[in-house]
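Dumped run-v1.tsv below, it's TSV, C-alpha atoms:
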chain	number	residue	atom	x	y	z
O	17	GLU	CA	11.84	-18.42	-19.59
O	18	ALA	CA	11.61	-14.64	-19.35
O	19	GLY	CA	8.37	-13.27	-17.97
O	20	VAL	CA	6.18	-10.40	-19.12
O	21	ALA	CA	8.16	-7.16	-19.05
O	22	GLN	CA	6.56	-3.78	-18.44
O	23	SER	CA	7.96	-0.28	-18.23
O	24	PRO	CA	8.02	2.09	-16.58
O	25	ARG	CA	7.22	0.74	-13.11
O	26	TYR	CA	6.01	4.10	-11.85
O	27	LYS	CA	4.83	7.29	-13.51
O	28	ILE	CA	3.52	10.55	-12.10
O	29	ILE	CA	1.97	13.06	-14.50
O	30	GLU	CA	-0.28	16.08	-14.31
O	31	LYS	CA	-3.83	15.89	-15.57
O	32	ARG	CA	-4.22	16.61	-19.28
O	33	GLN	CA	-0.73	15.32	-19.99
O	34	SER	CA	-0.12	12.20	-22.06
O	35	VAL	CA	1.60	8.98	-21.01
O	36	ALA	CA	2.59	5.70	-22.65
O	37	PHE	CA	3.21	2.25	-21.21
O	38	TRP	CA	5.15	-0.55	-22.85
O	39	CYS	CA	4.74	-4.31	-22.59
O	40	ASN	CA	6.83	-7.20	-23.91
O	41	PRO	CA	4.92	-10.49	-23.53
O	42	ILE	CA	6.34	-13.96	-23.09
O	43	SER	CA	7.84	-15.20	-26.33
O	44	GLY	CA	5.35	-17.15	-28.41
O	45	HIS	CA	2.26	-15.96	-26.56
O	46	ALA	CA	-0.30	-14.90	-29.14
O	47	THR	CA	-2.73	-13.25	-26.73
O	48	LEU	CA	-1.91	-10.01	-24.93
O	49	TYR	CA	-4.13	-8.24	-22.40
O	50	TRP	CA	-4.08	-4.78	-20.85
O	51	TYR	CA	-5.88	-4.45	-17.52
O	52	GLN	CA	-6.57	-1.39	-15.37
O	53	GLN	CA	-6.57	-2.01	-11.63
O	54	ILE	CA	-7.83	0.83	-9.46
O	55	LEU	CA	-6.75	0.64	-5.82
O	56	GLY	CA	-8.85	-1.86	-3.88
O	57	GLN	CA	-10.55	-3.32	-6.95
O	58	GLY	CA	-10.05	-6.26	-9.25
O	59	PRO	CA	-8.37	-5.86	-12.65
O	60	LYS	CA	-10.62	-4.60	-15.42
O	61	LEU	CA	-9.86	-5.67	-18.98
O	62	LEU	CA	-9.21	-2.69	-21.23
O	63	ILE	CA	-8.12	-4.36	-24.44
O	64	GLN	CA	-7.15	-7.80	-25.71
O	65	PHE	CA	-5.01	-8.60	-28.73
O	66	GLN	CA	-4.57	-11.85	-30.56
O	67	ASN	CA	-1.34	-11.53	-32.53
O	68	ASN	CA	-1.60	-7.96	-33.82
O	69	GLY	CA	-5.39	-7.82	-34.06
O	70	VAL	CA	-7.80	-6.43	-31.47
O	71	VAL	CA	-10.34	-9.02	-30.28
O	72	ASP	CA	-11.95	-7.02	-27.47
O	73	ASP	CA	-11.76	-3.34	-26.62
O	74	SER	CA	-15.28	-2.90	-25.33
O	75	GLN	CA	-14.13	-1.31	-22.04
O	76	LEU	CA	-11.41	0.90	-23.47
O	77	PRO	CA	-12.27	4.63	-23.20
O	78	LYS	CA	-11.47	5.28	-26.81
O	79	ASP	CA	-11.70	9.06	-26.55
O	80	ARG	CA	-8.50	9.10	-24.51
O	81	PHE	CA	-6.98	5.61	-24.51
O	82	SER	CA	-5.30	3.89	-27.43
O	83	ALA	CA	-3.25	0.73	-27.79
O	84	GLU	CA	-1.36	-1.04	-30.48
O	85	ARG	CA	0.57	-4.24	-30.89
O	86	LEU	CA	2.90	-3.96	-33.81
O	87	LYS	CA	4.16	-7.18	-35.41
O	88	GLY	CA	2.18	-9.19	-32.88
O	89	VAL	CA	4.81	-8.89	-30.16
O	90	ASP	CA	5.35	-5.72	-28.06
O	91	SER	CA	2.45	-3.48	-27.17
O	92	THR	CA	2.00	0.11	-26.06
O	93	LEU	CA	-0.94	1.64	-24.21
O	94	LYS	CA	-1.36	5.41	-24.38
O	95	ILE	CA	-3.50	7.85	-22.46
O	96	GLN	CA	-4.04	11.33	-23.87
O	97	PRO	CA	-5.14	13.47	-22.12
O	98	ALA	CA	-4.97	11.89	-18.66
O	99	LYS	CA	-7.61	12.48	-16.00
O	100	LEU	CA	-7.36	12.13	-12.24
O	101	GLU	CA	-9.51	8.98	-12.36
O	102	ASP	CA	-6.93	7.27	-14.57
O	103	SER	CA	-4.71	6.83	-11.50
O	104	ALA	CA	-4.32	3.06	-11.27
O	105	VAL	CA	-1.97	0.17	-11.90
O	106	TYR	CA	-1.87	-0.89	-15.54
O	107	LEU	CA	-1.20	-4.59	-15.86
O	108	CYS	CA	-0.08	-6.34	-19.00
O	109	ALA	CA	-0.57	-10.09	-19.33
O	110	SER	CA	-0.03	-12.69	-22.02
O	111	SER	CA	-1.12	-16.24	-22.69
O	112	PRO	CA	-1.01	-18.88	-25.38
O	113	ILE	CA	-4.13	-19.20	-27.51
O	114	SER	CA	-5.22	-22.40	-25.76
O	115	SER	CA	-8.28	-21.67	-23.67
O	116	ASN	CA	-7.35	-23.68	-20.59
O	117	THR	CA	-4.22	-21.81	-19.60
O	118	GLU	CA	-3.71	-18.98	-17.19
O	119	ALA	CA	-2.55	-15.51	-18.11
O	120	PHE	CA	0.96	-14.51	-17.05
O	121	PHE	CA	1.23	-11.01	-15.66
O	122	GLY	CA	3.92	-8.38	-15.67
O	123	GLN	CA	4.82	-6.28	-12.62
O	124	GLY	CA	2.51	-3.49	-13.70
O	125	THR	CA	2.91	0.26	-14.10
O	126	ARG	CA	1.61	2.41	-11.27
O	127	LEU	CA	0.24	5.66	-12.71
O	128	THR	CA	-0.52	8.65	-10.52
O	129	VAL	CA	-2.29	11.61	-12.11
O	130	VAL	CA	-2.09	14.82	-10.05
Q	154	ALA	CA	-22.95	-11.52	-19.26
Q	155	GLN	CA	-20.31	-13.45	-17.38
Q	156	LYS	CA	-19.61	-12.27	-13.86
Q	157	ILE	CA	-17.44	-13.18	-10.88
Q	158	THR	CA	-18.56	-12.39	-7.31
Q	159	GLN	CA	-16.35	-12.42	-4.23
Q	160	THR	CA	-18.44	-11.46	-1.21
Q	161	GLN	CA	-15.68	-11.31	1.42
Q	162	PRO	CA	-13.82	-7.98	1.19
Q	163	GLY	CA	-11.48	-8.96	4.01
Q	164	MET	CA	-10.69	-11.91	6.27
Q	165	PHE	CA	-8.49	-12.44	9.32
Q	166	VAL	CA	-7.21	-15.94	10.05
Q	167	GLN	CA	-4.89	-17.33	12.70
Q	168	GLU	CA	-1.62	-18.77	11.43
Q	169	LYS	CA	-1.75	-22.53	10.74
Q	170	GLU	CA	-5.52	-22.55	10.40
Q	171	ALA	CA	-7.26	-23.44	7.15
Q	172	VAL	CA	-9.17	-20.71	5.31
Q	173	THR	CA	-11.81	-20.74	2.59
Q	174	LEU	CA	-12.20	-17.82	0.20
Q	175	ASP	CA	-15.56	-17.71	-1.56
Q	176	CYS	CA	-16.16	-17.23	-5.27
Q	177	THR	CA	-19.34	-17.56	-7.29
Q	178	TYR	CA	-19.64	-17.07	-10.99
Q	179	ASP	CA	-22.33	-16.57	-13.55
Q	180	THR	CA	-22.15	-17.91	-17.06
Q	181	SER	CA	-24.46	-19.59	-19.54
Q	182	ASP	CA	-21.57	-21.37	-21.23
Q	183	GLN	CA	-20.79	-25.02	-20.60
Q	184	SER	CA	-17.07	-24.70	-21.24
Q	185	TYR	CA	-15.05	-22.31	-19.10
Q	186	GLY	CA	-12.03	-22.14	-16.84
Q	187	LEU	CA	-11.69	-20.83	-13.31
Q	188	PHE	CA	-8.53	-19.43	-11.76
Q	189	TRP	CA	-7.27	-18.05	-8.50
Q	190	TYR	CA	-4.52	-15.46	-8.33
Q	191	LYS	CA	-2.65	-14.03	-5.35
Q	192	GLN	CA	-1.55	-10.40	-5.31
Q	193	PRO	CA	0.89	-9.48	-2.49
Q	194	SER	CA	1.51	-5.88	-1.53
Q	195	SER	CA	4.30	-5.76	-4.12
Q	196	GLY	CA	1.61	-5.86	-6.80
Q	197	GLU	CA	2.47	-8.83	-8.99
Q	198	MET	CA	-0.29	-11.29	-9.88
Q	199	ILE	CA	0.71	-14.83	-8.98
Q	200	PHE	CA	-1.22	-17.73	-10.49
Q	201	LEU	CA	-2.27	-20.29	-7.88
Q	202	ILE	CA	-4.66	-22.86	-9.31
Q	203	TYR	CA	-6.87	-23.70	-12.28
Q	204	GLN	CA	-10.14	-25.67	-12.63
Q	205	GLY	CA	-11.73	-26.53	-15.95
Q	206	SER	CA	-15.50	-26.77	-16.12
Q	207	TYR	CA	-15.31	-30.38	-17.35
Q	208	ASP	CA	-12.78	-31.49	-14.75
Q	209	GLU	CA	-14.42	-34.05	-12.50
Q	210	GLN	CA	-11.85	-33.81	-9.71
Q	211	ASN	CA	-11.23	-30.70	-7.63
Q	212	ALA	CA	-7.89	-29.11	-8.50
Q	213	THR	CA	-5.10	-29.15	-5.93
Q	214	GLU	CA	-1.69	-27.46	-5.89
Q	215	GLY	CA	0.28	-27.97	-2.71
Q	216	ARG	CA	-1.57	-26.18	0.11
Q	217	TYR	CA	-4.15	-24.82	-2.31
Q	218	SER	CA	-7.28	-26.65	-3.36
Q	219	LEU	CA	-10.31	-25.52	-5.28
Q	220	ASN	CA	-13.73	-26.61	-4.03
Q	221	PHE	CA	-15.62	-26.69	-7.33
Q	222	GLN	CA	-19.40	-27.03	-7.11
Q	223	LYS	CA	-20.65	-26.72	-10.66
Q	224	ALA	CA	-24.37	-26.83	-9.92
Q	225	ARG	CA	-23.98	-24.01	-7.40
Q	226	LYS	CA	-21.58	-22.14	-9.70
Q	227	SER	CA	-19.05	-21.77	-6.94
Q	228	ALA	CA	-15.27	-22.17	-6.98
Q	229	ASN	CA	-13.98	-21.58	-3.48
Q	230	LEU	CA	-10.25	-21.53	-2.72
Q	231	VAL	CA	-9.11	-23.48	0.32
Q	232	ILE	CA	-5.70	-22.76	1.83
Q	233	SER	CA	-4.59	-25.34	4.34
Q	234	ALA	CA	-2.21	-24.55	7.21
Q	235	SER	CA	-2.04	-20.83	6.50
Q	236	GLN	CA	1.28	-19.01	6.77
Q	237	LEU	CA	2.18	-15.38	7.38
Q	238	GLY	CA	3.29	-15.13	3.76
Q	239	ASP	CA	-0.25	-15.90	2.64
Q	240	SER	CA	-1.33	-12.39	3.62
Q	241	ALA	CA	-2.35	-10.82	0.29
Q	242	MET	CA	-5.26	-10.01	-1.99
Q	243	TYR	CA	-6.82	-13.04	-3.66
Q	244	PHE	CA	-8.70	-12.83	-6.93
Q	245	CYS	CA	-11.02	-15.35	-8.50
Q	246	ALA	CA	-11.12	-15.20	-12.29
Q	247	MET	CA	-12.92	-16.89	-15.14
Q	248	ARG	CA	-11.88	-17.50	-18.71
Q	249	GLU	CA	-14.80	-17.33	-21.06
Q	250	PRO	CA	-14.92	-19.79	-23.91
Q	251	PRO	CA	-13.67	-18.67	-27.30
Q	252	GLY	CA	-16.20	-16.75	-29.30
Q	253	TYR	CA	-16.31	-15.63	-32.90
Q	254	SER	CA	-12.84	-14.18	-32.51
Q	255	SER	CA	-11.40	-17.54	-31.42
Q	256	ALA	CA	-9.90	-15.81	-28.41
Q	257	SER	CA	-11.23	-15.86	-24.88
Q	258	LYS	CA	-10.95	-13.19	-22.23
Q	259	ILE	CA	-10.34	-13.47	-18.52
Q	260	ILE	CA	-12.54	-11.53	-16.10
Q	261	PHE	CA	-11.80	-10.97	-12.43
Q	262	GLY	CA	-13.75	-10.62	-9.21
Q	263	SER	CA	-13.27	-7.74	-6.78
Q	264	GLY	CA	-10.95	-9.71	-4.54
Q	265	THR	CA	-10.61	-10.72	-0.88
Q	266	ARG	CA	-7.90	-9.30	1.35
Q	267	LEU	CA	-6.57	-12.11	3.55
Q	268	SER	CA	-4.60	-11.24	6.67
Q	269	ILE	CA	-2.85	-13.97	8.65
Q	270	ARG	CA	-2.37	-13.33	12.38
Q	271	PRO	CA	0.73	-14.80	14.09
I'd like the structure from this file rewritten - as structure tokens, please.
Amino acid sequence: EAGVAQSPRYKIIEKRQSVAFWCNPISGHATLYWYQQILGQGPKLLIQFQNNGVVDDSQLPKDRFSAERLKGVDSTLKIQPAKLEDSAVYLCASSPISSNTEAFFGQGTRLTVV
Amino acid sequence: AQKITQTQPGMFVQEKEAVTLDCTYDTSDQSYGLFWYKQPSSGEMIFLIYQGSYDEQNATEGRYSLNFQKARKSANLVISASQLGDSAMYFCAMREPPGYSSASKIIFGSGTRLSIRP
């Protein structure tokens, strides 16, 4: 079974530029999560999709961050414009709807804003 | 609001010794799930073990066991016979029960960095 795929693995951009991350979850997983993990901290949930609908985006900075999940499969997370404090690893995860299962994580995208 | 607390930022343990990583949680729900993940320096999040709030037995997976004390709201991870490869960040996480959206989210603690000495 293929795991969660993310790209790119690394990205360096200047502040005020825009950037996009892509995630392909495990086939059949209805729930998709985007987490932001700042160095030395635990992952913070940015947005959660169930199929192609948003179920939680309470911690997404909506003035600069956006995300979509077209057709309930792949997802993209965009930052525009980026700030220095956005430097972090962006983790995508997916899980079945069942509430007693773990989330499966991708390798993450390490973003550096200079 | 639900919350996960890991009070040990870092720990050093001698190889082959057992180690306990602490985790406490706060929730008013009766139904929830608790997880532990390992994150090596390479960055991937590796699932280790799961405990459901209604499970009467402590979960075990190989060298990993979860010491679940529901009344104390603690879910400590025990690693027996530690190995050099166990050096990593360890995160405790909780899955909240489904709400109006019928989906549940997973929240994480701040993590514990475990270093195994040879």
- Query: Residues of chain O within 9 Å of chain Q, using all atoms listed in the file, as a list in words?
  - Reply: Thr47, Tyr49, Gly56, Gln57, Gly58, Pro59, Lys60, Leu61, Gln64, Phe65, Gln66, Val71, Asp72, Val105, Leu107, Ile113, Ser114, Ser115, Asn116, Thr117, Glu118, Ala119, Phe120, Phe121, Gly122, Gln123 and Gly124 of chain O
- Item | Surrounding residues of O:Ala18 excluding itself and chain neighbours under 2 positions, 8 Å, only C-alpha atoms, as an NGL selection string | :O and (20 or 42-43)
- Task: May I ask for the distance between atom CA of Q:Gln210 and atom CA of O:Ala46, given in Å to one decimal place?
- Result: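 Spanning atom CA of Q:Gln210 to atom CA of O:Ala46 is a straight-line distance of 29.5 Å.
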- Message: Measuring between only C-alpha atoms, which one of Q:Thr213, Q:Ser218, Q:Ser227, Q:Thr160 shows the shortest distance to Q:Thr180?
- Response: Q:Ser227
- Task: For stretch 33-40 of chain O, list every protein, DNA or RNA residue within 7 Å, evaluated using all atoms listed in the file, and leave out those in the same chain fewer than 5 positions away; present the list as a list in words.
- Result: Val20, Ala21, Gln22, Ser23, Pro24, Val89, Asp90, Ser91, Thr92, Leu93, Lys94, Ile95, Gln96, Pro97, Ala98 and Cys108 of chain O
Using C-alpha atoms, can you write the selected residues to a file as a PDB file, in the frame of the given file?
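Result written to out12.pdb:
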ATOM      1  CA  VAL O  20       6.180 -10.400 -19.120  1.00  0.00           C
ATOM      2  CA  ALA O  21       8.160  -7.160 -19.050  1.00  0.00           C
ATOM      3  CA  GLN O  22       6.560  -3.780 -18.440  1.00  0.00           C
ATOM      4  CA  SER O  23       7.960  -0.280 -18.230  1.00  0.00           C
ATOM      5  CA  PRO O  24       8.020   2.090 -16.580  1.00  0.00           C
ATOM      6  CA  VAL O  89       4.810  -8.890 -30.160  1.00  0.00           C
ATOM      7  CA  ASP O  90       5.350  -5.720 -28.060  1.00  0.00           C
ATOM      8  CA  SER O  91       2.450  -3.480 -27.170  1.00  0.00           C
ATOM      9  CA  THR O  92       2.000   0.110 -26.060  1.00  0.00           C
ATOM     10  CA  LEU O  93      -0.940   1.640 -24.210  1.00  0.00           C
ATOM     11  CA  LYS O  94      -1.360   5.410 -24.380  1.00  0.00           C
ATOM     12  CA  ILE O  95      -3.500   7.850 -22.460  1.00  0.00           C
ATOM     13  CA  GLN O  96      -4.040  11.330 -23.870  1.00  0.00           C
ATOM     14  CA  PRO O  97      -5.140  13.470 -22.120  1.00  0.00           C
ATOM     15  CA  ALA O  98      -4.970  11.890 -18.660  1.00  0.00           C
ATOM     16  CA  CYS O 108      -0.080  -6.340 -19.000  1.00  0.00           C
TER      17      CYS O 108
END
- Query: Which of these, Q:Gln155, Q:Asn229, Q:Gln161, Q:Ser240, has the shortest distance to Q:Thr173 once you count all atoms listed in the file?
  - Reply: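 Closest to Q:Thr173 of all the choices is Q:Asn229.
Atom pair atom CA of O:Ala104 / atom CA of O:Leu48 has a distance of 19.1 Å (rounded to one decimal).
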- Message: Need the shell around O:Lys99: protein/DNA/RNA residues with any atom at most 8 Å away, counting all atoms listed in the file. Skip same-chain ones fewer than 3 positions apart. Format as a ChimeraX atom specification?
- Response: /O:31-32,102-103,129
- Message: Just checking: using all atoms listed in the file, which residue out of O:Ile28, O:Ala83, O:Val70, O:Ala109 ends up closest to O:Tyr51?
- Response: O:Ala109
